[in-house]
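Chemist: Questions regarding the structure given below will be posed in turn.
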Amino acid sequence: MPINSFGQEIGAPLPHFTSGARPSLDTLQGKTVRLEKLGPQHADDLYQFYGPGARKADWTYLALEPFGDRATFQDYFQTLLDSLDPYYLVIVDQKSQRAIGSLALMNIVPNHRSIEVGWVIFSPQLQRTRQATEAHYLLMSYVFEELGYRRYEWKCDSLNQASQAAAKRLGFTYEGTFRQALVYKERNRDTAWFSIIDSEWPDRKRALENWLADNNFDDQGQQKHSLSSL
């Protein structure tokens, strides 16, 4: 650990550090899915799992509820289109060419090269699938390899066990819980924080690529090895 002239420990020097770029992409191409910047053409698909047909239990830990009608959804959808932070993306199924999930890059801090993934809303078709993992892999690759960010965050309600399990499975490290961090839906939220940093990404990338490889799945599409074992 470096020591300054006063005998105090200080952080490692970053003499050539520069600010990062803000997200700006059209498409991230994968094998089973691709990520696209949210556009007007995605409204119909998103309404299928944002609207009255949404599974309400999937929205328990979100700050909003499924939309009861198309007009209300359309007003909200326009705010997503206009937003730069969060920066919204959709997950498009390669076979059907339909959007089956959405997520966002948010809390974007180029000066520190820190960014968060959030607003993860998956249709039932996407949940707990190879496609969902590939979508996260594509976004992680973009953040670390194209944007060159140092820190990738995941935050969730500390009571959201499914989200915490997903973060750990994908290789995020639990950092702690911020007590009484937010109020939403007229209730308290303690927020669990997770992250991956750039020095960890090569190992995380290797595990994800090994898990996503075709030879890790049988003829019925079932995994042979879990991601946590790789």
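The way I read the labels, and the way they are meant: chains A, B, ... in the order of the structure tokens, residue 1 as the first residue of every chain, and ligand 1 as the first ligand shown, with later ones counted on from there.
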What are the DSSP strand (DSSP E) residues of segment 7-82 of chain A, as number ranges by chain?

Modeler: A: 27-29, 33-37

Chemist: Take the selection from the previous step and output its residues with C-alpha atoms, as a short mmCIF file (atom, residue, chain, number, x, y, z; two decimals), in the first residue's frame.

Modeler:
data_model
loop_
_atom_site.label_atom_id
_atom_site.label_comp_id
_atom_site.auth_asym_id
_atom_site.auth_seq_id
_atom_site.Cartn_x
_atom_site.Cartn_y
_atom_site.Cartn_z
CA THR A 27 -26.94 -3.61 -30.95
CA LEU A 28 -24.94 -6.16 -28.99
CA GLN A 29 -25.14 -9.42 -30.91
CA VAL A 33 -30.32 -13.10 -27.95
CA ARG A 34 -29.19 -9.62 -28.85
CA LEU A 35 -29.41 -6.39 -26.91
CA GLU A 36 -30.80 -3.32 -28.65
CA LYS A 37 -31.20 0.28 -27.57
#

Chemist: Show me, as number ranges by chain, the residues that have an atom within 6 Å of segment 147-155 of chain A when counting only C-alpha atoms, minus same-chain residues fewer than 6 positions from it.

Modeler: A: 113-117, 192-198

Chemist: Of the candidates A:Pro110, A:Gly7, A:Pro124, A:Gly51, which one gets nearest to Phe73 of chain A if we count only C-alpha atoms?

Modeler: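 Once distances to Phe73 of chain A are computed over only C-alpha atoms, the minimum belongs to A:Gly51.
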
Chemist: Of the residues A:Phe144, A:Lys31, A:Gly118, A:Arg70, which is the one nearest to Val92 of chain A, using only C-alpha atoms?

Modeler: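 When distances to Val92 of chain A are compared using only C-alpha atoms, the smallest one comes from A:Lys31.
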
Chemist: Between A:Gln220, A:Thr173, A:Thr60, A:Asn111, which has the minimum distance to Ser19 of chain A (counting only C-alpha atoms)?

Modeler: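 Comparing A:Gln220, A:Thr173, A:Thr60, A:Asn111 against Ser19 of chain A, the winner is A:Asn111.
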
Chemist: Pull the alpha helix (DSSP H) assignments for chain A out of DSSP run on the backbone, and list those residues as a PyMOL selection string.

Modeler: chain A and resi 43-50+70-82+130-141+161-169+201-212

Chemist: Can you tell me, as a PyMOL selection string, what residues are no more than 12 Å from Asp58 of chain A when counting only C-alpha atoms, ignoring any on the same chain fewer than 6 positions away?

Modeler: chain A and resi 49-50+64-66+119-124+127+160+162-163

Chemist: Residues of the last selection are to be written out with N, CA and C atoms, as a CSV table (one decimal), in the first residue's frame.

Modeler:
chain,number,residue,atom,x,y,z
A,49,PHE,N,-45.5,-7.8,-21.3
A,49,PHE,CA,-45.1,-8.1,-20.0
A,49,PHE,C,-44.9,-6.9,-19.1
A,50,TYR,N,-45.3,-5.7,-19.6
A,50,TYR,CA,-45.4,-4.5,-18.7
A,50,TYR,C,-46.9,-4.2,-18.4
A,64,LEU,N,-42.7,0.4,-9.3
A,64,LEU,CA,-43.9,0.6,-10.0
A,64,LEU,C,-44.7,-0.7,-10.1
A,65,GLU,N,-45.9,-0.6,-10.6
A,65,GLU,CA,-46.7,-1.8,-10.8
A,65,GLU,C,-47.0,-2.0,-12.3
A,66,PRO,N,-47.4,-3.2,-12.8
A,66,PRO,CA,-47.7,-3.3,-14.2
A,66,PRO,C,-48.8,-2.3,-14.6
A,119,TRP,N,-33.2,-2.0,-13.3
A,119,TRP,CA,-34.5,-2.0,-14.0
A,119,TRP,C,-34.6,-3.3,-14.9
A,120,VAL,N,-34.3,-4.4,-14.3
A,120,VAL,CA,-34.3,-5.7,-15.0
A,120,VAL,C,-35.7,-6.2,-14.9
A,121,ILE,N,-36.4,-6.3,-16.1
A,121,ILE,CA,-37.8,-6.8,-16.2
A,121,ILE,C,-37.8,-7.8,-17.3
A,122,PHE,N,-37.9,-9.1,-16.9
A,122,PHE,CA,-37.9,-10.2,-17.8
A,122,PHE,C,-39.3,-10.8,-18.0
A,123,SER,N,-39.6,-11.1,-19.2
A,123,SER,CA,-40.9,-11.9,-19.4
A,123,SER,C,-40.7,-13.3,-18.8
A,124,PRO,N,-41.8,-14.0,-18.6
A,124,PRO,CA,-41.7,-15.4,-18.1
A,124,PRO,C,-40.9,-16.2,-19.1
A,127,GLN,N,-37.1,-15.7,-18.1
A,127,GLN,CA,-36.6,-15.9,-16.7
A,127,GLN,C,-35.9,-17.3,-16.6
A,160,ASN,N,-35.2,-9.2,-1.5
A,160,ASN,CA,-35.4,-9.9,-2.9
A,160,ASN,C,-34.4,-11.0,-3.0
A,162,ALA,N,-34.4,-13.7,-4.8
A,162,ALA,CA,-34.1,-14.1,-6.2
A,162,ALA,C,-33.1,-13.2,-6.9
A,163,SER,N,-33.2,-11.9,-6.6
A,163,SER,CA,-32.2,-11.0,-7.2
A,163,SER,C,-30.8,-11.2,-6.6

Chemist: Can you work out the spacing between atom CA of Cys156 of chain A and atom CA of Thr191 of chain A in Å, to one decimal?

Modeler: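 Value for the atom CA of Cys156 of chain A-atom CA of Thr191 of chain A distance: 5.5 Å.
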
Chemist: Give me, as a list of chain:residue names, all polymer residues having an atom no more than 10 Å from Tyr184 of chain A, counting only C-alpha atoms and skipping those fewer than 6 positions away in the same chain.

Modeler: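 The contact residues come out as A:Tyr61, A:Leu62, A:Ala63, A:Leu64.
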
Chemist: So which one's closest to Arg189 of chain A, A:Arg98, A:Gly171, A:Asn216, A:Ser158? Using only C-alpha atoms, please.

Modeler: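 Ranked by minimum distance to Arg189 of chain A, first place goes to A:Ser158.
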
Chemist: Would you list the contacts of segment 38-45 of chain A as a ChimeraX atom specification, taking every protein, DNA or RNA residue within 8 Å and counting only C-alpha atoms, but skipping same-chain residues closer than 3 positions in sequence?

Modeler: /A:48-49,74,77,80-81,88-90,98-100

Chemist: How far is it from atom CA of Val143 of chain A to atom CA of Leu227 of chain A, in Å with one decimal?

Modeler: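 Atom-to-atom, atom CA of Val143 of chain A and atom CA of Leu227 of chain A are spaced 20.6 Å apart.
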
Chemist: Could the residues of segment 54-141 of chain A that have an atom at most 9 Å from segment 204-209 of chain A be listed as a Markdown table, each with its closest atom pair and the distance in Å to one decimal, counting only C-alpha atoms and ordered by chain and ascending residue number?

Modeler:
| residue | atom | partner | partner_atom | distance |
| --- | --- | --- | --- | --- |
| A:Thr133 | CA | A:Leu208 | CA | 8.0 |
| A:Glu134 | CA | A:Leu208 | CA | 8.1 |
| A:Tyr137 | CA | A:Leu208 | CA | 6.9 |
| A:Met140 | CA | A:Lys205 | CA | 8.5 |
| A:Ser141 | CA | A:Lys205 | CA | 7.8 |

Chemist: Can you work out which one of A:Ala54, A:Thr129, A:Thr72, A:His136 has the shortest atom-to-atom distance to Ala167 of chain A, counting only C-alpha atoms?

Modeler: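 Looking only at the distances to Ala167 of chain A, the closest residue turns out to be A:His136.
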
Chemist: May I ask for the distance between atom CA of Arg130 of chain A and atom CA of Ser96 of chain A, given in Å to one decimal place?

Modeler: 15.5 Å

Chemist: Which neighbours of Lys224 of chain A fall inside 12 Å, counting only C-alpha atoms, when residues of the same chain fewer than 4 positions from it are skipped, and could you give them as a compact mmCIF listing (two decimals) with all heavy atoms, in the first residue's frame?

Modeler:
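Result saved to around18.txt:
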# COMPACT_ATOMS: atom_id res chain seq x y z
N ASN A 210 -17.75 -20.48 -20.61
CA ASN A 210 -17.78 -21.94 -20.48
C ASN A 210 -19.19 -22.44 -20.23
O ASN A 210 -19.60 -23.48 -20.76
CB ASN A 210 -16.85 -22.38 -19.35
CG ASN A 210 -15.38 -22.26 -19.71
OD1 ASN A 210 -15.03 -22.22 -20.89
ND2 ASN A 210 -14.52 -22.18 -18.70
N TRP A 211 -19.95 -21.69 -19.42
CA TRP A 211 -21.32 -22.11 -19.15
C TRP A 211 -22.20 -21.96 -20.38
O TRP A 211 -23.05 -22.81 -20.65
CB TRP A 211 -21.91 -21.28 -18.00
CG TRP A 211 -23.25 -21.80 -17.55
CD1 TRP A 211 -23.49 -22.80 -16.66
CD2 TRP A 211 -24.53 -21.36 -18.01
NE1 TRP A 211 -24.84 -23.01 -16.53
CE2 TRP A 211 -25.50 -22.13 -17.34
CE3 TRP A 211 -24.95 -20.37 -18.91
CZ2 TRP A 211 -26.87 -21.96 -17.54
CZ3 TRP A 211 -26.31 -20.20 -19.11
CH2 TRP A 211 -27.26 -20.99 -18.44
N LEU A 212 -22.01 -20.89 -21.14
CA LEU A 212 -22.84 -20.63 -22.31
C LEU A 212 -22.48 -21.49 -23.52
O LEU A 212 -23.25 -21.54 -24.49
CB LEU A 212 -22.72 -19.15 -22.71
CG LEU A 212 -23.39 -18.15 -21.77
CD1 LEU A 212 -22.89 -16.74 -22.07
CD2 LEU A 212 -24.90 -18.22 -21.86
N ALA A 213 -21.35 -22.18 -23.49
CA ALA A 213 -20.91 -22.99 -24.63
C ALA A 213 -21.93 -24.08 -24.95
O ALA A 213 -22.57 -24.65 -24.06
CB ALA A 213 -19.56 -23.61 -24.32
N ASP A 214 -22.08 -24.36 -26.24
CA ASP A 214 -23.05 -25.36 -26.67
C ASP A 214 -22.84 -26.71 -26.00
O ASP A 214 -23.80 -27.42 -25.69
CB ASP A 214 -22.98 -25.54 -28.19
CG ASP A 214 -23.55 -24.34 -28.94
OD1 ASP A 214 -24.31 -23.56 -28.34
OD2 ASP A 214 -23.21 -24.19 -30.14
N ASN A 215 -21.57 -27.08 -25.77
CA ASN A 215 -21.31 -28.40 -25.20
C ASN A 215 -21.65 -28.50 -23.72
O ASN A 215 -21.52 -29.57 -23.12
CB ASN A 215 -19.85 -28.82 -25.44
CG ASN A 215 -18.84 -27.88 -24.82
OD1 ASN A 215 -19.19 -27.04 -23.98
ND2 ASN A 215 -17.58 -28.00 -25.22
N ASN A 216 -22.13 -27.40 -23.12
CA ASN A 216 -22.58 -27.46 -21.73
C ASN A 216 -24.07 -27.76 -21.64
O ASN A 216 -24.62 -27.82 -20.54
CB ASN A 216 -22.28 -26.15 -21.01
CG ASN A 216 -22.55 -26.24 -19.51
OD1 ASN A 216 -22.20 -27.22 -18.88
ND2 ASN A 216 -23.19 -25.21 -18.96
N PHE A 217 -24.72 -27.98 -22.78
CA PHE A 217 -26.17 -28.22 -22.79
C PHE A 217 -26.47 -29.51 -23.53
O PHE A 217 -25.86 -29.80 -24.56
CB PHE A 217 -26.91 -27.04 -23.43
CG PHE A 217 -26.78 -25.77 -22.63
CD1 PHE A 217 -25.71 -24.90 -22.85
CD2 PHE A 217 -27.69 -25.45 -21.65
CE1 PHE A 217 -25.57 -23.74 -22.11
CE2 PHE A 217 -27.56 -24.30 -20.90
CZ PHE A 217 -26.50 -23.43 -21.13
N ASP A 218 -27.43 -30.27 -23.00
CA ASP A 218 -27.82 -31.52 -23.67
C ASP A 218 -28.83 -31.24 -24.76
O ASP A 218 -29.16 -30.08 -25.05
CB ASP A 218 -28.34 -32.53 -22.65
CG ASP A 218 -29.60 -32.06 -21.91
OD1 ASP A 218 -30.34 -31.19 -22.45
OD2 ASP A 218 -29.88 -32.57 -20.81
N ASP A 219 -29.36 -32.29 -25.36
CA ASP A 219 -30.28 -32.14 -26.48
C ASP A 219 -31.60 -31.49 -26.08
O ASP A 219 -32.31 -30.94 -26.93
CB ASP A 219 -30.58 -33.51 -27.11
CG ASP A 219 -29.35 -34.11 -27.79
OD1 ASP A 219 -28.43 -33.33 -28.11
OD2 ASP A 219 -29.32 -35.33 -27.98
N GLN A 220 -31.91 -31.52 -24.79
CA GLN A 220 -33.14 -30.88 -24.30
C GLN A 220 -32.87 -29.46 -23.80
O GLN A 220 -33.76 -28.79 -23.28
CB GLN A 220 -33.75 -31.70 -23.16
CG GLN A 220 -34.44 -32.99 -23.62
CD GLN A 220 -33.45 -34.05 -24.07
OE1 GLN A 220 -32.47 -34.32 -23.37
NE2 GLN A 220 -33.69 -34.65 -25.21
N SER A 228 -22.07 -21.80 -11.14
CA SER A 228 -21.31 -21.67 -9.90
C SER A 228 -20.19 -22.69 -9.79
O SER A 228 -19.26 -22.51 -9.00
CB SER A 228 -22.25 -21.80 -8.70
OG SER A 228 -22.90 -23.06 -8.70
N SER A 229 -20.27 -23.77 -10.57
CA SER A 229 -19.24 -24.81 -10.50
C SER A 229 -18.09 -24.56 -11.46
O SER A 229 -17.08 -25.28 -11.43
CB SER A 229 -19.86 -26.18 -10.81
OG SER A 229 -20.21 -26.28 -12.20
N LEU A 230 -18.21 -23.55 -12.31
CA LEU A 230 -17.20 -23.33 -13.35
C LEU A 230 -16.21 -22.24 -12.93
O LEU A 230 -16.55 -21.31 -12.26
CB LEU A 230 -17.89 -22.93 -14.66
CG LEU A 230 -18.79 -24.01 -15.27
CD1 LEU A 230 -19.54 -23.45 -16.46
CD2 LEU A 230 -17.95 -25.22 -15.68
